[in-house]
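structure26.cif (mmCIF, C-alpha atoms and all ligand atoms) appears below.
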```cif
data_start
loop_
_atom_site.label_atom_id
_atom_site.label_comp_id
_atom_site.auth_asym_id
_atom_site.auth_seq_id
_atom_site.Cartn_x
_atom_site.Cartn_y
_atom_site.Cartn_z
CA MET A 126 -54.64 -100.01 101.07
CA GLY A 127 -52.26 -100.26 104.00
CA ALA A 128 -49.69 -97.53 104.43
CA VAL A 129 -50.27 -94.13 102.91
CA SER A 130 -48.08 -91.04 102.67
CA ILE A 131 -49.56 -87.58 102.31
CA LEU A 132 -47.97 -84.26 101.43
CA ALA A 133 -50.24 -81.54 102.88
CA ILE A 134 -50.32 -77.87 101.93
CA GLU A 135 -52.01 -74.99 103.78
CA SER A 136 -52.30 -71.38 102.61
CA SER A 137 -55.79 -70.24 103.64
CA CYS A 138 -54.78 -67.06 105.47
CA ASP A 139 -51.37 -65.69 106.38
CA ASP A 140 -49.32 -68.80 107.11
CA THR A 141 -47.77 -70.96 104.41
CA GLY A 142 -47.52 -74.53 105.62
CA ALA A 143 -46.43 -77.90 104.30
CA ALA A 144 -46.27 -81.23 106.13
CA VAL A 145 -45.69 -84.90 105.48
CA ILE A 146 -47.88 -87.49 107.21
CA VAL A 147 -47.69 -91.26 106.95
CA GLY A 148 -50.51 -93.43 108.20
CA ASP A 149 -52.05 -96.87 108.24
CA LEU A 150 -55.45 -97.17 106.61
CA ASP A 151 -56.09 -100.78 107.65
CA SER A 152 -55.42 -100.53 111.38
CA ALA A 153 -58.44 -100.97 113.68
CA GLN A 154 -57.58 -97.68 115.40
CA PRO A 155 -56.31 -94.61 113.54
CA LYS A 156 -52.53 -94.67 113.35
CA PHE A 157 -50.41 -91.99 111.76
CA THR A 158 -47.19 -90.08 112.21
CA VAL A 159 -46.47 -86.49 111.33
CA LEU A 160 -42.98 -86.71 109.83
CA SER A 161 -42.58 -82.99 109.29
CA SER A 162 -44.50 -79.74 109.59
CA VAL A 163 -43.02 -76.49 108.30
CA VAL A 164 -44.75 -73.13 108.66
CA ASN A 165 -43.66 -69.81 107.24
CA SER A 166 -45.51 -67.19 109.24
CA GLN A 167 -46.24 -63.83 107.65
CA ILE A 168 -46.62 -62.03 110.98
CA PRO A 169 -43.64 -59.68 110.39
CA LEU A 170 -45.02 -58.84 106.95
CA HIS A 171 -48.50 -57.89 108.20
CA LYS A 172 -47.36 -56.08 111.35
CA SER A 173 -46.87 -52.77 109.56
CA THR A 174 -50.45 -52.73 108.26
CA GLY A 175 -51.95 -54.00 111.51
CA GLY A 176 -53.72 -56.85 109.72
CA VAL A 177 -53.72 -59.14 106.70
CA ILE A 178 -54.08 -57.55 103.27
CA PRO A 179 -55.15 -60.50 101.09
CA GLU A 180 -53.08 -59.51 98.04
CA VAL A 181 -49.96 -59.09 100.14
CA ALA A 182 -50.58 -62.45 101.83
CA ALA A 183 -51.15 -64.19 98.50
CA ARG A 184 -47.91 -62.83 97.03
CA ALA A 185 -46.01 -64.07 100.07
CA HIS A 186 -47.62 -67.50 99.64
CA VAL A 187 -46.40 -67.53 96.03
CA ARG A 188 -42.84 -66.88 97.24
CA ASN A 189 -43.02 -69.34 100.14
CA VAL A 190 -45.03 -72.33 99.03
CA ARG A 191 -42.29 -74.08 97.09
CA PRO A 192 -39.45 -73.65 99.64
CA VAL A 193 -41.79 -74.62 102.49
CA THR A 194 -42.86 -77.77 100.62
CA GLU A 195 -39.26 -78.66 99.81
CA ALA A 196 -38.31 -78.18 103.46
CA ALA A 197 -41.19 -80.40 104.62
CA LEU A 198 -40.13 -83.18 102.26
CA ALA A 199 -36.46 -82.81 103.26
CA GLN A 200 -37.27 -82.89 106.99
CA ALA A 201 -39.40 -85.98 106.47
CA GLY A 202 -36.53 -87.55 104.53
CA MET A 203 -38.85 -88.27 101.62
CA SER A 204 -38.87 -87.49 97.94
CA LEU A 205 -41.96 -86.47 96.00
CA ASN A 206 -41.91 -89.92 94.36
CA GLU A 207 -42.58 -91.55 97.71
CA ILE A 208 -45.73 -89.47 98.31
CA ASP A 209 -49.08 -91.10 97.51
CA TYR A 210 -51.42 -88.10 97.68
CA VAL A 211 -51.32 -84.32 97.84
CA ALA A 212 -53.73 -82.84 100.40
CA VAL A 213 -54.56 -79.16 100.24
CA THR A 214 -56.78 -76.67 102.07
CA ALA A 215 -59.46 -75.74 99.53
CA GLY A 216 -61.50 -73.49 101.89
CA PRO A 217 -62.73 -71.65 103.81
CA GLY A 218 -60.32 -68.71 103.87
CA LEU A 219 -59.11 -65.75 101.83
CA ILE A 220 -59.74 -66.69 98.22
CA VAL A 221 -56.49 -65.29 96.81
CA SER A 222 -54.50 -67.06 99.54
CA LEU A 223 -56.33 -70.36 99.08
CA MET A 224 -55.79 -70.22 95.32
CA VAL A 225 -52.01 -70.22 95.71
CA GLY A 226 -51.97 -73.47 97.69
CA VAL A 227 -54.63 -75.09 95.53
CA GLU A 228 -52.97 -74.18 92.23
CA PHE A 229 -49.60 -75.32 93.57
CA ALA A 230 -51.09 -78.65 94.68
CA LYS A 231 -52.82 -79.07 91.32
CA THR A 232 -49.59 -78.38 89.46
CA LEU A 233 -47.69 -80.90 91.60
CA ALA A 234 -50.43 -83.46 91.06
CA MET A 235 -50.57 -82.84 87.32
CA ALA A 236 -46.80 -83.12 86.93
CA THR A 237 -46.51 -86.30 88.99
CA GLY A 238 -49.79 -88.07 88.22
CA LYS A 239 -50.91 -87.98 91.86
CA LYS A 240 -54.42 -87.45 93.11
CA ILE A 241 -55.59 -84.73 95.46
CA ILE A 242 -57.42 -84.78 98.78
CA PRO A 243 -59.17 -81.41 99.25
CA VAL A 244 -59.43 -80.56 102.94
CA ASN A 245 -61.72 -78.12 104.72
CA HIS A 246 -59.60 -75.81 106.89
CA MET A 247 -61.97 -76.20 109.86
CA ALA A 248 -61.85 -79.99 109.50
CA GLY A 249 -58.10 -79.50 109.80
CA HIS A 250 -58.53 -77.60 113.08
CA LEU A 251 -61.01 -80.22 114.29
CA TYR A 252 -58.82 -83.23 113.44
CA SER A 253 -55.70 -81.56 114.85
CA ILE A 254 -56.94 -82.81 118.25
CA PHE A 255 -55.93 -86.33 117.28
CA GLY A 256 -52.38 -85.10 116.85
CA ALA A 257 -52.37 -84.21 120.56
CA SER A 258 -50.09 -86.67 122.20
CA ASN A 259 -47.84 -87.04 125.17
CA GLN A 260 -45.47 -88.70 122.75
CA TRP A 261 -44.80 -85.34 121.11
CA ARG A 262 -41.15 -85.03 120.28
CA GLY A 263 -40.37 -81.93 118.31
CA ARG A 264 -41.94 -82.38 114.91
CA ARG A 265 -43.23 -85.88 115.41
CA THR A 266 -46.52 -86.87 116.86
CA VAL A 267 -48.41 -90.13 116.95
CA ALA A 268 -52.18 -90.53 116.92
CA GLN A 269 -54.25 -90.80 120.03
CA THR A 270 -55.64 -94.30 119.93
CA ALA A 271 -57.82 -94.36 122.99
CA VAL A 272 -60.08 -91.34 122.52
CA LYS A 273 -63.41 -91.76 124.29
CA PHE A 274 -66.51 -90.69 122.35
CA PRO A 275 -68.86 -88.86 122.23
CA LEU A 276 -66.47 -85.93 122.08
CA MET A 277 -67.44 -82.26 122.33
CA ALA A 278 -65.04 -80.20 120.25
CA LEU A 279 -64.63 -76.46 120.72
CA VAL A 280 -62.92 -75.08 117.62
CA VAL A 281 -61.91 -71.43 117.90
CA SER A 282 -60.03 -69.61 115.19
CA GLY A 283 -59.79 -66.18 113.60
CA GLY A 284 -62.76 -66.76 111.33
CA HIS A 285 -64.82 -69.38 113.16
CA THR A 286 -66.12 -70.39 116.57
CA MET A 287 -67.72 -73.83 116.48
CA LEU A 288 -69.08 -76.46 118.83
CA ILE A 289 -68.91 -79.84 117.14
CA LEU A 290 -70.22 -83.12 118.51
CA MET A 291 -68.10 -86.06 117.36
CA HIS A 292 -69.84 -89.43 117.58
CA ASP A 293 -66.67 -91.25 116.53
CA TYR A 294 -63.56 -90.50 114.48
CA LEU A 295 -65.50 -90.15 111.24
CA HIS A 296 -68.94 -88.84 112.17
CA PHE A 297 -69.64 -85.42 113.58
CA GLU A 298 -72.26 -82.67 113.59
CA VAL A 299 -71.89 -78.94 114.04
CA LEU A 300 -74.07 -77.93 117.01
CA GLY A 301 -73.41 -74.21 117.02
CA GLN A 302 -71.36 -71.39 115.53
CA THR A 303 -70.85 -67.70 115.97
CA VAL A 304 -73.66 -65.51 114.71
CA ASP A 305 -71.28 -62.58 114.16
CA ASP A 306 -67.58 -62.17 115.05
CA ALA A 307 -65.49 -65.26 115.76
CA ALA A 308 -63.60 -65.43 119.07
CA GLY A 309 -60.24 -64.78 117.36
CA GLU A 310 -61.71 -61.90 115.40
CA ALA A 311 -62.92 -60.35 118.68
CA PHE A 312 -59.39 -60.68 120.11
CA ASP A 313 -57.98 -59.01 116.99
CA LYS A 314 -60.54 -56.17 116.99
CA VAL A 315 -60.20 -55.44 120.72
CA ALA A 316 -56.43 -55.45 120.30
CA ARG A 317 -56.81 -52.75 117.67
CA LEU A 318 -59.00 -50.70 120.01
CA LEU A 319 -56.25 -50.99 122.62
CA GLY A 320 -53.60 -49.99 120.09
CA LEU A 321 -51.85 -53.35 120.35
CA PRO A 322 -49.86 -54.82 117.48
CA TYR A 323 -51.05 -57.52 115.07
CA PRO A 324 -51.80 -60.35 115.70
CA GLY A 325 -54.16 -59.30 118.46
CA GLY A 326 -54.72 -62.60 120.27
CA PRO A 327 -51.18 -63.13 121.56
CA ALA A 328 -50.83 -59.37 122.31
CA ILE A 329 -53.97 -59.34 124.47
CA SER A 330 -53.06 -62.50 126.36
CA LYS A 331 -49.60 -61.08 127.09
CA LEU A 332 -50.98 -57.75 128.31
CA ALA A 333 -53.71 -59.51 130.32
CA LEU A 334 -51.01 -61.09 132.49
CA ARG A 335 -50.31 -57.63 133.93
CA GLY A 336 -53.96 -56.74 134.60
CA LYS A 337 -56.91 -57.83 136.72
CA PRO A 338 -60.21 -59.08 135.29
CA SER A 339 -61.98 -56.43 137.37
CA ILE A 340 -64.28 -54.97 134.70
CA GLU A 341 -67.66 -56.70 134.29
CA PHE A 342 -67.99 -56.97 130.53
CA PRO A 343 -71.08 -58.77 129.19
CA ARG A 344 -71.01 -62.54 128.52
CA PRO A 345 -73.02 -62.59 125.27
CA MET A 346 -75.34 -65.58 124.75
CA MET A 347 -73.80 -67.40 127.71
CA HIS A 348 -77.17 -68.56 128.99
CA THR A 349 -79.06 -69.05 125.74
CA LYS A 350 -80.30 -72.59 125.19
CA ASN A 351 -78.69 -73.00 121.77
CA TYR A 352 -74.99 -73.58 121.12
CA ASP A 353 -74.35 -70.43 119.11
CA PHE A 354 -71.93 -67.68 120.09
CA SER A 355 -71.79 -63.92 119.62
CA PHE A 356 -68.77 -61.74 120.29
CA SER A 357 -69.47 -58.51 118.46
CA GLY A 358 -71.41 -57.00 121.42
CA LEU A 359 -68.50 -57.70 123.72
CA LYS A 360 -66.19 -55.78 121.41
CA THR A 361 -68.66 -52.87 121.42
CA ALA A 362 -68.80 -53.01 125.24
CA VAL A 363 -65.01 -52.62 125.31
CA LEU A 364 -65.29 -49.65 122.93
CA TYR A 365 -67.94 -47.97 125.13
CA TYR A 366 -65.92 -48.65 128.26
CA MET A 367 -62.92 -46.98 126.71
CA ARG A 368 -65.00 -44.02 125.58
CA ASP A 369 -66.59 -43.60 129.00
CA HIS A 370 -63.35 -43.96 130.89
CA ALA A 371 -60.96 -42.09 128.66
CA GLY A 372 -62.85 -39.26 127.04
CA ALA A 373 -63.69 -38.99 123.36
CA VAL A 374 -62.70 -41.68 120.90
CA GLY A 375 -62.49 -41.56 117.13
CA GLN A 376 -65.77 -42.14 115.36
CA SER A 377 -65.30 -45.39 113.54
CA ARG A 378 -61.92 -46.59 114.64
CA GLY A 379 -62.46 -46.48 118.36
CA ASN A 380 -59.75 -45.21 120.58
CA ARG A 381 -57.04 -46.27 118.19
CA GLY A 382 -53.71 -45.88 119.83
CA GLY A 383 -55.54 -45.68 123.15
CA LYS A 384 -53.81 -42.37 123.94
CA LYS A 385 -55.95 -41.41 126.93
CA ILE A 386 -56.04 -44.84 128.49
CA SER A 387 -53.23 -45.74 130.83
CA MET A 388 -51.26 -48.96 130.42
CA ARG A 389 -52.67 -50.13 133.74
CA GLN A 390 -56.25 -49.61 132.48
CA LYS A 391 -55.39 -51.31 129.21
CA ALA A 392 -54.06 -54.34 131.05
CA ASP A 393 -57.28 -54.53 133.11
CA ILE A 394 -59.38 -54.21 129.95
CA ALA A 395 -57.36 -56.97 128.26
CA ALA A 396 -57.68 -59.28 131.29
CA SER A 397 -61.41 -58.57 131.68
CA PHE A 398 -62.17 -59.02 127.99
CA GLN A 399 -60.19 -62.26 127.88
CA GLN A 400 -62.02 -63.52 130.98
CA ALA A 401 -65.41 -62.76 129.38
CA VAL A 402 -64.48 -64.72 126.22
CA VAL A 403 -63.10 -67.62 128.24
CA ASP A 404 -66.21 -67.72 130.48
CA VAL A 405 -68.61 -67.85 127.52
CA LEU A 406 -66.61 -70.45 125.60
CA ILE A 407 -66.16 -72.76 128.56
CA SER A 408 -69.65 -72.43 129.96
CA LYS A 409 -71.29 -73.29 126.63
CA THR A 410 -68.85 -76.09 125.84
CA LEU A 411 -69.26 -77.77 129.23
CA ARG A 412 -73.05 -77.48 129.09
CA ALA A 413 -73.08 -78.98 125.58
CA ALA A 414 -70.76 -81.76 126.74
CA ILE A 415 -72.97 -82.66 129.69
CA GLU A 416 -76.20 -82.44 127.68
CA HIS A 417 -74.78 -84.77 125.02
CA LYS A 418 -73.21 -87.13 127.54
CA ALA A 419 -69.77 -86.50 126.08
CA LYS A 420 -66.84 -88.36 127.61
CA THR A 421 -64.19 -86.05 126.15
CA VAL A 422 -63.89 -82.32 125.50
CA SER A 423 -61.36 -80.92 123.05
CA LEU A 424 -60.01 -77.47 122.28
CA SER A 425 -58.34 -76.47 119.00
CA GLY A 426 -57.87 -73.60 116.51
CA GLY A 427 -55.67 -70.51 116.76
CA VAL A 428 -57.38 -69.14 119.89
CA ALA A 429 -56.53 -72.44 121.62
CA ALA A 430 -53.02 -71.00 121.84
CA ASN A 431 -54.42 -68.79 124.62
CA THR A 432 -52.94 -69.95 127.92
CA LYS A 433 -55.83 -68.70 130.06
CA LEU A 434 -58.34 -70.60 127.91
CA ARG A 435 -56.23 -73.78 127.84
CA GLU A 436 -55.70 -73.80 131.59
CA THR A 437 -59.24 -72.87 132.61
CA ILE A 438 -60.93 -75.40 130.33
CA ALA A 439 -58.54 -78.12 131.51
CA GLN A 440 -59.50 -77.37 135.14
CA SER A 441 -63.23 -77.29 134.34
CA CYS A 442 -63.00 -80.65 132.57
CA LYS A 443 -61.16 -82.15 135.51
CA LYS A 444 -63.87 -80.92 137.88
CA SER A 445 -66.58 -82.40 135.64
CA LYS A 446 -64.63 -85.65 135.22
CA LEU A 447 -64.35 -85.22 131.47
CA ASN A 448 -61.29 -86.25 129.47
CA PHE A 449 -59.63 -83.27 127.85
CA LEU A 450 -57.70 -83.11 124.62
CA VAL A 451 -55.72 -80.11 123.38
CA PRO A 452 -52.96 -80.15 120.77
CA GLU A 453 -49.60 -78.44 121.14
CA ILE A 454 -49.70 -74.75 120.23
CA ALA A 455 -47.92 -75.38 116.92
CA LEU A 456 -50.84 -77.61 115.93
CA CYS A 457 -53.44 -75.04 117.07
CA THR A 458 -52.37 -72.05 115.00
CA ASP A 459 -52.48 -72.56 111.23
CA ASN A 460 -50.27 -75.38 109.98
CA ALA A 461 -50.30 -78.12 107.36
CA ALA A 462 -49.90 -81.06 109.75
CA MET A 463 -53.56 -80.70 110.72
CA ILE A 464 -54.51 -80.68 107.03
CA GLY A 465 -52.58 -83.92 106.55
CA ILE A 466 -54.23 -85.45 109.62
CA ALA A 467 -57.71 -84.48 108.37
CA ALA A 468 -56.82 -85.90 104.94
CA TYR A 469 -55.77 -89.17 106.57
CA PHE A 470 -59.14 -89.41 108.34
CA ARG A 471 -60.89 -88.50 105.08
CA LEU A 472 -59.20 -91.49 103.44
CA ARG A 473 -60.21 -93.72 106.35
CA SER A 474 -63.82 -92.66 105.78
CA GLY A 475 -63.61 -94.08 102.24
CA PHE A 476 -63.06 -90.80 100.37
CA LYS A 477 -61.56 -91.32 96.92
CA PRO A 478 -58.86 -88.73 96.07
CA VAL A 479 -59.73 -86.68 93.01
CA ASN A 480 -58.06 -85.72 89.77
CA PHE A 481 -56.38 -82.29 89.83
CA SER A 482 -58.88 -80.96 87.29
CA ARG A 483 -61.72 -81.50 89.75
CA ILE A 484 -60.65 -79.21 92.56
CA ASN A 485 -61.02 -75.48 93.05
CA ALA A 486 -60.59 -73.12 95.99
CA ASP A 487 -63.90 -72.30 97.70
CA SER A 488 -63.60 -69.46 100.19
CA ASN A 489 -67.00 -70.27 101.74
CA TRP A 490 -66.72 -74.06 102.00
CA GLU A 491 -68.86 -75.00 104.99
CA LEU A 492 -67.88 -77.85 107.24
O1 LIG B 1 -56.56 -70.78 113.47
P1 LIG B 1 -55.83 -69.52 113.22
O2 LIG B 1 -54.34 -69.55 113.28
O3 LIG B 1 -56.22 -68.93 111.84
C1 LIG B 1 -57.55 -68.96 111.37
O4 LIG B 1 -57.97 -70.03 110.88
O5 LIG B 1 -58.22 -67.93 111.56
O6 LIG B 1 -56.40 -68.49 114.27
C2 LIG B 1 -55.93 -67.18 114.27
C3 LIG B 1 -56.63 -66.45 115.41
C4 LIG B 1 -56.35 -64.96 115.39
O7 LIG B 1 -57.57 -64.28 115.53
C5 LIG B 1 -55.44 -64.76 116.58
O8 LIG B 1 -55.58 -63.51 117.19
C6 LIG B 1 -55.93 -65.87 117.50
O9 LIG B 1 -56.15 -66.96 116.66
N1 LIG B 1 -54.90 -66.20 118.51
C7 LIG B 1 -55.09 -66.01 119.83
C8 LIG B 1 -53.86 -66.36 120.45
N2 LIG B 1 -52.99 -66.76 119.49
C9 LIG B 1 -53.66 -66.65 118.31
N3 LIG B 1 -56.15 -65.57 120.51
C10 LIG B 1 -56.03 -65.47 121.83
N4 LIG B 1 -54.90 -65.76 122.51
C11 LIG B 1 -53.80 -66.20 121.87
N5 LIG B 1 -52.69 -66.49 122.54
ZN ZN B 2 -57.04 -71.62 111.01
#
```
What does this structure look like when you write it as structure tokens?
Amino acid sequence: MGAVSILAIESSCDDTGAAVIVGDLDSAQPKFTVLSSVVNSQIPLHKSTGGVIPEVAARAHVRNVRPVTEAALAQAGMSLNEIDYVAVTAGPGLIVSLMVGVEFAKTLAMATGKKIIPVNHMAGHLYSIFGASNQWRGRRTVAQTAVKFPLMALVVSGGHTMLILMHDYLHFEVLGQTVDDAAGEAFDKVARLLGLPYPGGPAISKLALRGKPSIEFPRPMMHTKNYDFSFSGLKTAVLYYMRDHAGAVGQSRGNRGGKKISMRQKADIAASFQQAVVDVLISKTLRAAIEHKAKTVSLSGGVAANTKLRETIAQSCKKSKLNFLVPEIALCTDNAAMIGIAAYFRLRSGFKPVNFSRINADSNWEL
């Protein structure tokens, strides 16, 4: 097949993304280049409601998907005619958001006679690690070609927390997941308790810089033998701590606005909560890596934008003599480049792109 060019589209939550990827399907090692990656973030739109309202997100996707796609093509210096396949996130995610990207991709494919590569959003986060490169120059990135397997991948996003064992580029198994809240969801919920703005993850990590991790919050499931995670108890522990240290809190919404908690206390809570999440994630990932004789550990997904997590896991890997792979922040939070990269690997695995009539959004698509 040789060279392939992919236009990728992502709209599973609150970011509209489009990217152009070109790759070689015949090379012994994976080889691809991200020519462009454009993301229109809806953060300003969702700030006023403190979270994503699916209908509002979907309407913004409708407005943004075409200009974002046109910008991605323009930045790549390519026309639609030069694109071989359209890749699109078909799930998991918010159904109304997913549908916008999927229907747009189907329309493009129908109008141009191209075939579609449906991509699982979490596969996108997983495969984004191969876009990590010290050759990063702005929008362009070239594949890692010397990744050592087995690889233990920690994928942490707003909806998922997953430990995935990769045997090679094309074969992997999910070892564990969250049994309740995902790590990102815990960041978002604790941020709300602290009265911080949406999105919660970046707000907590910023506030944590001014505090000390002096509060001993629980480390849920840190020592269990399996590879599953649980973060909902940690969120409840934060709620109880706030109640016990700041007087009464609202019944169901916690101490929203955090009126009786000082900024100093809030910063300590943020730092302590963040430390608890980081400790659990790293301890389980390193144990899984050692038990499976992994040579490499990777970190990806929106929560991988967290500096404390990135730095601590890098140090732990160094100590354990494990290679460590983490993509640039722009590749960690939602984007279409990772969808294009995952589509490229899907093609390398022998997947045959499908006719537009055969794809539908599936909000619960499991990896
Ligand atoms: O992967 P992503 O962009 O979207 C989903 O697939 O969910 O992840 C979004 C999640 C949100 O929960 C957000 O709060 C979290 O990633 N996040 C962070 C940081 N930046 C984003 N969490 C902790 N620290 C951050 N700096
Ligand atoms: Zn995501």
Check the smallest atom-to-atom distance from each of A:Leu219, A:Ala236, A:Leu411, A:Val402 to A:Trp490 using only C-alpha atoms, then report the winner.
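When distances to A:Trp490 are compared using only C-alpha atoms, the smallest one comes from A:Leu219.
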Using only C-alpha atoms and all ligand atoms, which residues have at least one atom no more than 10 Å from ligand ZN 2 (chain B)? Output them as a VMD selection string.
chain A and resid 135 to 140 217 to 218 246 to 250 280 to 285 309 425 to 428 456 to 460 463
Using all atoms listed in the file, find the one residue out of A:Thr286, A:Gln399, A:Ser166, A:Thr432 that sits nearest to A:Val193.
A:Ser166
Six-sided padding of 3 Å per side, axis-aligned box over ligand LIG 1 (chain B), centre and edges in Å, one decimal, as JSON:
```
{"center_x": -55.5, "center_y": -67.1, "center_z": 116.7, "size_x": 11.5, "size_y": 13.3, "size_z": 17.7}
```
Hey, what's within 8 Å of A:Val479 if we count only C-alpha atoms and toss same-chain stuff fewer than 6 positions away? As a list in words, please?
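Result of the neighbour search: Lys240, Ile241 and Ile242 of chain A.
Relative to atom CA of A:Pro324, atom O6 of ligand LIG 1 (chain B) is found at 9.5 Å.
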Set the distance at 9 Å and use only C-alpha atoms: which residues neighbour A:Val190 once local chain neighbours fewer than 5 positions away are removed? I'd like the list as a PyMOL selection string.
chain A and resi 134-136+141-143+165+185+195+225-226+229
Between atom CA of A:Pro327 and atom CA of A:Ile386 - distance in Å to one decimal:
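According to the coordinates, atom CA of A:Ile386 and atom CA of A:Pro327 are separated by 20.2 Å.
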For each of A:Leu321, A:Ile131, A:Val227, A:Ile289, take the minimum atom-to-atom distance to A:His417, counting all atoms listed in the file, then give the residue where this is smallest.
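So, comparing all the options, the nearest one is A:Ile289.
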Which neighbours of stretch 360-373 of chain A fall inside 10 Å, counting only C-alpha atoms, when residues of the same chain fewer than 3 positions from it are skipped, and could you give them as a count of residues only?
31
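Distance-wise, atom CA of A:Val129 and atom CA of A:Met291 end up 24.3 Å apart.
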All residues 7 Å or closer to stretch 440-450 of chain A, only C-alpha atoms, same chain fewer than 4 positions away omitted, as JSON, numbers by chain
{"A": [254, 257, 420, 421, 422, 423, 424, 436]}
Minimum-distance residue to ligand LIG 1 (chain B), chosen among A:Leu492, A:Ala439, A:Ala308, A:Ile208 (using all atoms listed in the file):
A:Ala308
My list of candidates is A:Phe157, A:Arg335, A:Asp404, A:Ala144. Which is closest to A:Leu434 when distances are computed with only C-alpha atoms?
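Residue with the minimum atom-to-atom distance to A:Leu434: A:Asp404.
Between A:Leu160 and the candidates A:Val187, A:Ala201, A:Ala196, A:Ile178, the tightest atom-to-atom separation, counting only C-alpha atoms, involves A:Ala201.
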Near-stretch 480-487 of chain A list (9 Å; only C-alpha atoms; drop same-chain fewer than 4 positions) as a PyMOL selection string:
chain A and resi 214-218+220-221+223-224+226-228+230-235+238-243
Which residues, protein or nucleic acid, reach to within 12 Å of (-77.7, -64.2, 112.5) in the file's coordinates when using all atoms listed in the file, and can you give that as a ChimeraX atom specification?
/A:301-306,353-355,357
Identify the residues within 12 Å of coordinate (-60.9, -90.8, 104.8) (same frame as the file), considering all atoms listed in the file, and give the answer as a ChimeraX atom specification.
/A:126,129,148-151,155,212,242-244,248,252,294-296,465-478
Using the incomplete input, complete stretch 224-235 of chain A to the level of N, CA, C and O atoms; output as a PDB file, in the coordinates of the input.
```
ATOM      1  N   MET A 224     -56.091 -69.880  96.719  1.00  0.00           N
ATOM      2  CA  MET A 224     -55.790 -70.220  95.320  1.00  0.00           C
ATOM      3  C   MET A 224     -54.326 -70.577  95.126  1.00  0.00           C
ATOM      4  O   MET A 224     -53.991 -71.439  94.309  1.00  0.00           O
ATOM      5  N   VAL A 225     -53.448 -69.938  95.884  1.00  0.00           N
ATOM      6  CA  VAL A 225     -52.010 -70.220  95.710  1.00  0.00           C
ATOM      7  C   VAL A 225     -51.708 -71.665  96.084  1.00  0.00           C
ATOM      8  O   VAL A 225     -51.084 -72.404  95.324  1.00  0.00           O
ATOM      9  N   GLY A 226     -52.204 -72.090  97.254  1.00  0.00           N
ATOM     10  CA  GLY A 226     -51.970 -73.470  97.690  1.00  0.00           C
ATOM     11  C   GLY A 226     -52.643 -74.466  96.766  1.00  0.00           C
ATOM     12  O   GLY A 226     -52.046 -75.487  96.389  1.00  0.00           O
ATOM     13  N   VAL A 227     -53.877 -74.166  96.385  1.00  0.00           N
ATOM     14  CA  VAL A 227     -54.630 -75.090  95.530  1.00  0.00           C
ATOM     15  C   VAL A 227     -53.970 -75.224  94.155  1.00  0.00           C
ATOM     16  O   VAL A 227     -53.778 -76.334  93.654  1.00  0.00           O
ATOM     17  N   GLU A 228     -53.591 -74.107  93.564  1.00  0.00           N
ATOM     18  CA  GLU A 228     -52.970 -74.180  92.230  1.00  0.00           C
ATOM     19  C   GLU A 228     -51.609 -74.875  92.307  1.00  0.00           C
ATOM     20  O   GLU A 228     -51.228 -75.629  91.409  1.00  0.00           O
ATOM     21  N   PHE A 229     -50.888 -74.651  93.384  1.00  0.00           N
ATOM     22  CA  PHE A 229     -49.600 -75.320  93.570  1.00  0.00           C
ATOM     23  C   PHE A 229     -49.811 -76.830  93.693  1.00  0.00           C
ATOM     24  O   PHE A 229     -49.119 -77.631  93.047  1.00  0.00           O
ATOM     25  N   ALA A 230     -50.791 -77.216  94.497  1.00  0.00           N
ATOM     26  CA  ALA A 230     -51.090 -78.650  94.680  1.00  0.00           C
ATOM     27  C   ALA A 230     -51.522 -79.270  93.353  1.00  0.00           C
ATOM     28  O   ALA A 230     -51.107 -80.389  93.010  1.00  0.00           O
ATOM     29  N   LYS A 231     -52.339 -78.540  92.607  1.00  0.00           N
ATOM     30  CA  LYS A 231     -52.820 -79.070  91.320  1.00  0.00           C
ATOM     31  C   LYS A 231     -51.657 -79.257  90.349  1.00  0.00           C
ATOM     32  O   LYS A 231     -51.584 -80.251  89.624  1.00  0.00           O
ATOM     33  N   THR A 232     -50.735 -78.292  90.353  1.00  0.00           N
ATOM     34  CA  THR A 232     -49.590 -78.380  89.460  1.00  0.00           C
ATOM     35  C   THR A 232     -48.714 -79.583  89.821  1.00  0.00           C
ATOM     36  O   THR A 232     -48.298 -80.349  88.942  1.00  0.00           O
ATOM     37  N   LEU A 233     -48.476 -79.738  91.136  1.00  0.00           N
ATOM     38  CA  LEU A 233     -47.690 -80.900  91.600  1.00  0.00           C
ATOM     39  C   LEU A 233     -48.369 -82.193  91.169  1.00  0.00           C
ATOM     40  O   LEU A 233     -47.717 -83.119  90.672  1.00  0.00           O
ATOM     41  N   ALA A 234     -49.675 -82.245  91.374  1.00  0.00           N
ATOM     42  CA  ALA A 234     -50.430 -83.460  91.060  1.00  0.00           C
ATOM     43  C   ALA A 234     -50.417 -83.729  89.563  1.00  0.00           C
ATOM     44  O   ALA A 234     -50.232 -84.877  89.132  1.00  0.00           O
ATOM     45  N   MET A 235     -50.551 -82.683  88.781  1.00  0.00           N
ATOM     46  CA  MET A 235     -50.570 -82.840  87.320  1.00  0.00           C
ATOM     47  C   MET A 235     -49.215 -83.351  86.843  1.00  0.00           C
ATOM     48  O   MET A 235     -49.127 -84.275  86.037  1.00  0.00           O
TER      49      MET A 235
END
```
